[in-house]
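Visitor: This is structure_17.txt, which holds compact mmCIF, C-alpha atoms:
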```txt
# COMPACT_ATOMS: atom_id res chain seq x y z
CA MET A 19 4.92 31.71 51.68
CA SER A 20 1.84 33.76 51.19
CA ASP A 21 -1.26 32.56 49.31
CA ARG A 22 -0.86 35.28 46.71
CA SER A 23 2.42 33.92 45.43
CA LEU A 24 0.86 30.50 44.70
CA ARG A 25 -2.04 31.85 42.70
CA GLY A 26 -1.89 32.06 38.95
CA MET A 27 -2.70 30.18 35.81
CA ARG A 28 -1.94 26.56 35.19
CA LEU A 29 1.07 26.12 32.97
CA GLY A 30 0.26 25.09 29.42
CA ALA A 31 -3.47 24.87 30.07
CA GLN A 32 -4.47 28.23 28.67
CA SER A 33 -2.91 30.59 26.20
CA MET A 34 -2.76 34.33 26.73
CA GLU A 35 -2.66 34.89 22.95
CA SER A 36 -5.80 35.78 21.09
CA GLU A 37 -6.59 34.84 17.51
CA SER A 38 -7.52 38.35 16.49
CA GLY A 39 -5.60 39.52 13.45
CA VAL A 40 -4.35 36.03 12.60
CA GLU A 41 -4.97 34.85 9.05
CA PRO A 42 -4.69 31.13 8.25
CA ALA A 43 -2.51 30.10 5.33
CA PRO A 44 -4.32 29.89 1.98
CA ARG A 45 -5.73 26.43 1.36
CA GLN A 46 -7.36 24.39 -1.34
CA ARG A 47 -9.81 21.53 -0.96
CA VAL A 48 -9.19 18.64 -3.34
CA GLU A 49 -11.57 15.82 -4.19
CA TYR A 50 -10.53 12.23 -4.77
CA ARG A 51 -12.80 9.37 -5.78
CA CYS A 52 -12.43 5.61 -5.27
CA ALA A 53 -13.41 3.02 -7.88
CA ASP A 54 -16.60 2.24 -5.94
CA GLY A 55 -17.67 5.92 -5.93
CA GLU A 56 -16.51 6.84 -2.42
CA GLN A 57 -15.56 10.53 -2.25
CA VAL A 58 -12.53 11.69 -0.29
CA PHE A 59 -11.90 15.37 0.41
CA VAL A 60 -8.43 16.50 1.46
CA THR A 61 -7.28 20.03 2.33
CA PHE A 62 -3.83 21.10 1.15
CA ALA A 63 -1.88 24.33 1.32
CA ALA A 64 -2.42 26.49 -1.76
CA GLU A 65 1.19 26.06 -2.92
CA ALA A 66 1.40 22.32 -2.18
CA GLU A 67 1.89 19.80 -4.97
CA ILE A 68 -1.26 17.67 -5.24
CA PRO A 69 -0.62 13.90 -5.40
CA PRO A 70 -2.58 12.06 -8.12
CA VAL A 71 -3.49 9.18 -5.74
CA TRP A 72 -4.65 9.27 -2.12
CA THR A 73 -5.42 6.41 0.27
CA SER A 74 -8.80 6.85 1.92
CA LYS A 75 -9.59 6.13 5.58
CA THR A 76 -11.03 2.79 4.49
CA GLY A 77 -7.72 1.82 2.86
CA LYS A 78 -8.96 2.13 -0.73
CA GLU A 79 -7.00 3.90 -3.42
CA ALA A 80 -8.67 7.14 -4.52
CA ILE A 81 -7.79 8.96 -7.74
CA LEU A 82 -7.78 12.74 -8.14
CA VAL A 83 -11.02 14.03 -9.69
CA ASP A 84 -10.34 16.03 -12.89
CA GLY A 85 -6.78 14.73 -12.90
CA GLU A 86 -4.87 12.27 -15.02
CA LYS A 87 -4.82 8.65 -13.94
CA PRO A 88 -1.30 7.91 -12.72
CA VAL A 89 0.78 5.33 -14.53
CA ASP A 90 3.09 3.36 -12.26
CA VAL A 91 6.21 2.65 -14.31
CA ASN A 92 7.94 0.71 -11.52
CA GLU A 93 5.11 -1.77 -11.11
CA LYS A 94 6.42 -5.32 -11.47
CA ALA A 95 4.32 -8.26 -12.48
CA ALA A 96 3.99 -10.83 -9.73
CA ARG A 97 6.40 -13.72 -10.19
CA THR A 98 4.70 -17.07 -9.98
CA HIS A 99 6.21 -20.34 -8.83
CA TRP A 100 6.39 -21.41 -12.47
CA ASP A 101 8.36 -18.27 -13.42
CA MET A 102 10.89 -18.88 -10.66
CA LEU A 103 11.18 -22.53 -11.65
CA LEU A 104 11.90 -21.57 -15.26
CA GLU A 105 14.70 -19.29 -14.04
CA ARG A 106 16.47 -22.33 -12.54
CA ARG A 107 15.59 -25.13 -15.00
CA SER A 108 14.97 -25.49 -18.71
CA ILE A 109 11.90 -27.28 -20.11
CA PRO A 110 13.89 -30.40 -21.15
CA GLU A 111 15.37 -30.62 -17.62
CA LEU A 112 11.91 -30.35 -16.08
CA GLU A 113 10.58 -33.07 -18.40
CA GLN A 114 13.45 -35.37 -17.38
CA ILE A 115 12.85 -34.71 -13.65
CA LEU A 116 9.14 -35.43 -14.13
CA GLU A 117 9.89 -38.74 -15.89
CA ASP A 118 12.29 -39.76 -13.09
CA ARG A 119 9.75 -38.96 -10.37
CA LEU A 120 6.94 -40.77 -12.21
CA LYS A 121 9.20 -43.82 -12.60
CA ILE A 122 9.89 -43.84 -8.83
CA LEU A 123 6.17 -43.52 -8.04
CA ARG A 124 5.25 -46.32 -10.44
CA GLU A 125 7.89 -48.61 -8.87
CA ARG A 126 6.48 -47.93 -5.39
CA ARG A 127 2.93 -48.72 -6.51
CA GLY A 128 4.14 -51.88 -8.17
CA ALA A 129 5.89 -52.98 -4.98
CA ARG A 130 2.73 -52.41 -2.87
CA ALA A 131 0.49 -54.25 -5.28
CA SER A 132 2.63 -57.44 -5.10
```
Here is a file; write its structure as structure tokens.

Guide:
Amino acid sequence: MSDRSLRGMRLGAQSMESESGVEPAPRQRVEYRCADGEQVFVTFAAEAEIPPVWTSKTGKEAILVDGEKPVDVNEKAARTHWDMLLERRSIPELEQILEDRLKILRERRGARAS
């Protein structure tokens, strides 16, 4: 094989296309702000729907500047241990269980004291 046949460009390393005559898609720059005042700037396509909330690089929730504050309808209140207990037992049942357990504890203390 001759040396000339092995010469050439590296594949994928360089492009033969030029950027002349290429126009980027229209964009819009949107500002979000966190509760502590941190500003977050995000670039979207001009026709894109802008979300009302954005998570910043620091993990904080940022709200769209000059936008309405979003209302999360699906947000559930955190269920506590007490709430889950009340789903399984009524108040009179819980009072009875408490009395039974206190009686057992008092008997144990009485047995140790003797």

Visitor: Quick one, how far is CA of Glu117 (chain A) from CA of Leu104 (chain A)?

Guide: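 Between CA of Glu117 (chain A) and CA of Leu104 (chain A) the gap is 17.3 Å.
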
Visitor: Applying 12 Å and only C-alpha atoms, which residues near Gly77 (chain A) remain after dropping the ones on its own chain fewer than 3 positions away? List them as a list in words.

Guide: Cys52, Glu56, Val58, Trp72, Thr73, Ser74 and Ala80 of chain A

Visitor: In Å, with one decimal, what is the gap from CA of Ala129 (chain A) to CA of Leu112 (chain A)?

Guide: 25.9 Å

Visitor: Nearest residue to Pro42 (chain A) out of A:Ala63, A:Lys78, A:Asp54, A:Gly128, using only C-alpha atoms?

Guide: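 Smallest separation from Pro42 (chain A) among the options: A:Ala63.
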
Visitor: Kindly give the distance, in Å, that separates CA of Trp100 (chain A) and CA of Asp118 (chain A), rounded to a single decimal.

Guide: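 Distance between the two atoms: 19.3 Å.
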
Visitor: Rebuild all heavy atoms on region 103-114 of chain A, as an mmCIF file, in the frame of the given file?

Guide:
```cif
data_model
loop_
_atom_site.group_PDB
_atom_site.id
_atom_site.type_symbol
_atom_site.label_atom_id
_atom_site.label_comp_id
_atom_site.auth_asym_id
_atom_site.auth_seq_id
_atom_site.Cartn_x
_atom_site.Cartn_y
_atom_site.Cartn_z
ATOM 1 N N LEU A 103 10.677 -21.210 -11.263
ATOM 2 C CA LEU A 103 11.180 -22.530 -11.650
ATOM 3 C C LEU A 103 11.885 -22.456 -13.001
ATOM 4 O O LEU A 103 12.956 -23.041 -13.186
ATOM 5 C CB LEU A 103 10.026 -23.527 -11.688
ATOM 6 C CG LEU A 103 10.376 -24.986 -11.909
ATOM 7 C CD1 LEU A 103 11.219 -25.489 -10.750
ATOM 8 C CD2 LEU A 103 9.132 -25.821 -12.057
ATOM 9 N N LEU A 104 11.286 -21.710 -13.932
ATOM 10 C CA LEU A 104 11.900 -21.570 -15.260
ATOM 11 C C LEU A 104 13.197 -20.785 -15.223
ATOM 12 O O LEU A 104 14.009 -20.886 -16.141
ATOM 13 C CB LEU A 104 10.917 -20.920 -16.226
ATOM 14 C CG LEU A 104 9.741 -21.799 -16.657
ATOM 15 C CD1 LEU A 104 8.805 -21.026 -17.577
ATOM 16 C CD2 LEU A 104 10.228 -23.071 -17.335
ATOM 17 N N GLU A 105 13.410 -19.986 -14.172
ATOM 18 C CA GLU A 105 14.700 -19.290 -14.040
ATOM 19 C C GLU A 105 15.813 -20.269 -13.673
ATOM 20 O O GLU A 105 16.971 -20.019 -13.973
ATOM 21 C CB GLU A 105 14.593 -18.203 -12.960
ATOM 22 C CG GLU A 105 13.735 -17.030 -13.378
ATOM 23 C CD GLU A 105 13.536 -16.038 -12.244
ATOM 24 O OE1 GLU A 105 14.153 -16.208 -11.165
ATOM 25 O OE2 GLU A 105 12.759 -15.102 -12.437
ATOM 26 N N ARG A 106 15.458 -21.367 -12.997
ATOM 27 C CA ARG A 106 16.470 -22.330 -12.540
ATOM 28 C C ARG A 106 16.624 -23.524 -13.472
ATOM 29 O O ARG A 106 17.701 -24.113 -13.544
ATOM 30 C CB ARG A 106 16.086 -22.846 -11.149
ATOM 31 C CG ARG A 106 16.095 -21.785 -10.086
ATOM 32 C CD ARG A 106 15.909 -22.390 -8.712
ATOM 33 N NE ARG A 106 14.755 -23.252 -8.602
ATOM 34 C CZ ARG A 106 13.567 -22.900 -8.143
ATOM 35 N NH1 ARG A 106 13.366 -21.652 -7.764
ATOM 36 N NH2 ARG A 106 12.589 -23.761 -8.053
ATOM 37 N N ARG A 107 15.570 -23.915 -14.157
ATOM 38 C CA ARG A 107 15.590 -25.130 -15.000
ATOM 39 C C ARG A 107 15.047 -24.813 -16.384
ATOM 40 O O ARG A 107 14.190 -23.973 -16.569
ATOM 41 C CB ARG A 107 14.700 -26.211 -14.398
ATOM 42 C CG ARG A 107 14.930 -26.512 -12.958
ATOM 43 C CD ARG A 107 15.959 -27.587 -12.810
ATOM 44 N NE ARG A 107 16.051 -27.967 -11.404
ATOM 45 C CZ ARG A 107 16.980 -28.719 -10.932
ATOM 46 N NH1 ARG A 107 17.900 -29.208 -11.719
ATOM 47 N NH2 ARG A 107 17.025 -29.012 -9.646
ATOM 48 N N SER A 108 15.517 -25.601 -17.353
ATOM 49 C CA SER A 108 14.970 -25.490 -18.710
ATOM 50 C C SER A 108 13.813 -26.495 -18.838
ATOM 51 O O SER A 108 13.665 -27.402 -18.008
ATOM 52 C CB SER A 108 16.049 -25.790 -19.752
ATOM 53 O OG SER A 108 16.459 -27.135 -19.636
ATOM 54 N N ILE A 109 13.033 -26.377 -19.900
ATOM 55 C CA ILE A 109 11.900 -27.280 -20.110
ATOM 56 C C ILE A 109 12.368 -28.733 -20.271
ATOM 57 O O ILE A 109 11.791 -29.633 -19.652
ATOM 58 C CB ILE A 109 11.060 -26.829 -21.335
ATOM 59 C CG1 ILE A 109 10.458 -25.438 -21.088
ATOM 60 C CG2 ILE A 109 9.973 -27.832 -21.672
ATOM 61 C CD1 ILE A 109 9.376 -25.380 -20.041
ATOM 62 N N PRO A 110 13.427 -29.005 -21.058
ATOM 63 C CA PRO A 110 13.890 -30.400 -21.150
ATOM 64 C C PRO A 110 14.331 -30.963 -19.787
ATOM 65 O O PRO A 110 14.072 -32.132 -19.489
ATOM 66 C CB PRO A 110 15.071 -30.338 -22.115
ATOM 67 C CG PRO A 110 14.837 -29.129 -22.940
ATOM 68 C CD PRO A 110 14.126 -28.170 -22.042
ATOM 69 N N GLU A 111 14.982 -30.154 -18.959
ATOM 70 C CA GLU A 111 15.370 -30.620 -17.620
ATOM 71 C C GLU A 111 14.146 -30.965 -16.786
ATOM 72 O O GLU A 111 14.123 -31.975 -16.083
ATOM 73 C CB GLU A 111 16.172 -29.540 -16.885
ATOM 74 C CG GLU A 111 17.612 -29.392 -17.333
ATOM 75 C CD GLU A 111 18.302 -28.304 -16.553
ATOM 76 O OE1 GLU A 111 17.835 -27.142 -16.598
ATOM 77 O OE2 GLU A 111 19.307 -28.603 -15.895
ATOM 78 N N LEU A 112 13.135 -30.113 -16.848
ATOM 79 C CA LEU A 112 11.910 -30.350 -16.080
ATOM 80 C C LEU A 112 11.203 -31.625 -16.546
ATOM 81 O O LEU A 112 10.682 -32.388 -15.728
ATOM 82 C CB LEU A 112 10.967 -29.146 -16.190
ATOM 83 C CG LEU A 112 11.448 -27.869 -15.485
ATOM 84 C CD1 LEU A 112 10.554 -26.696 -15.843
ATOM 85 C CD2 LEU A 112 11.501 -28.085 -13.988
ATOM 86 N N GLU A 113 11.205 -31.852 -17.868
ATOM 87 C CA GLU A 113 10.580 -33.070 -18.400
ATOM 88 C C GLU A 113 11.330 -34.312 -17.907
ATOM 89 O O GLU A 113 10.703 -35.311 -17.548
ATOM 90 C CB GLU A 113 10.544 -33.029 -19.923
ATOM 91 C CG GLU A 113 9.539 -32.031 -20.461
ATOM 92 C CD GLU A 113 9.615 -31.869 -21.970
ATOM 93 O OE1 GLU A 113 10.574 -32.381 -22.600
ATOM 94 O OE2 GLU A 113 8.713 -31.212 -22.517
ATOM 95 N N GLN A 114 12.643 -34.234 -17.859
ATOM 96 C CA GLN A 114 13.450 -35.370 -17.380
ATOM 97 C C GLN A 114 13.188 -35.627 -15.898
ATOM 98 O O GLN A 114 13.022 -36.769 -15.478
ATOM 99 C CB GLN A 114 14.944 -35.096 -17.622
ATOM 100 C CG GLN A 114 15.839 -36.240 -17.203
ATOM 101 C CD GLN A 114 15.530 -37.530 -17.958
ATOM 102 O OE1 GLN A 114 15.352 -37.521 -19.175
ATOM 103 N NE2 GLN A 114 15.449 -38.641 -17.243
#
```
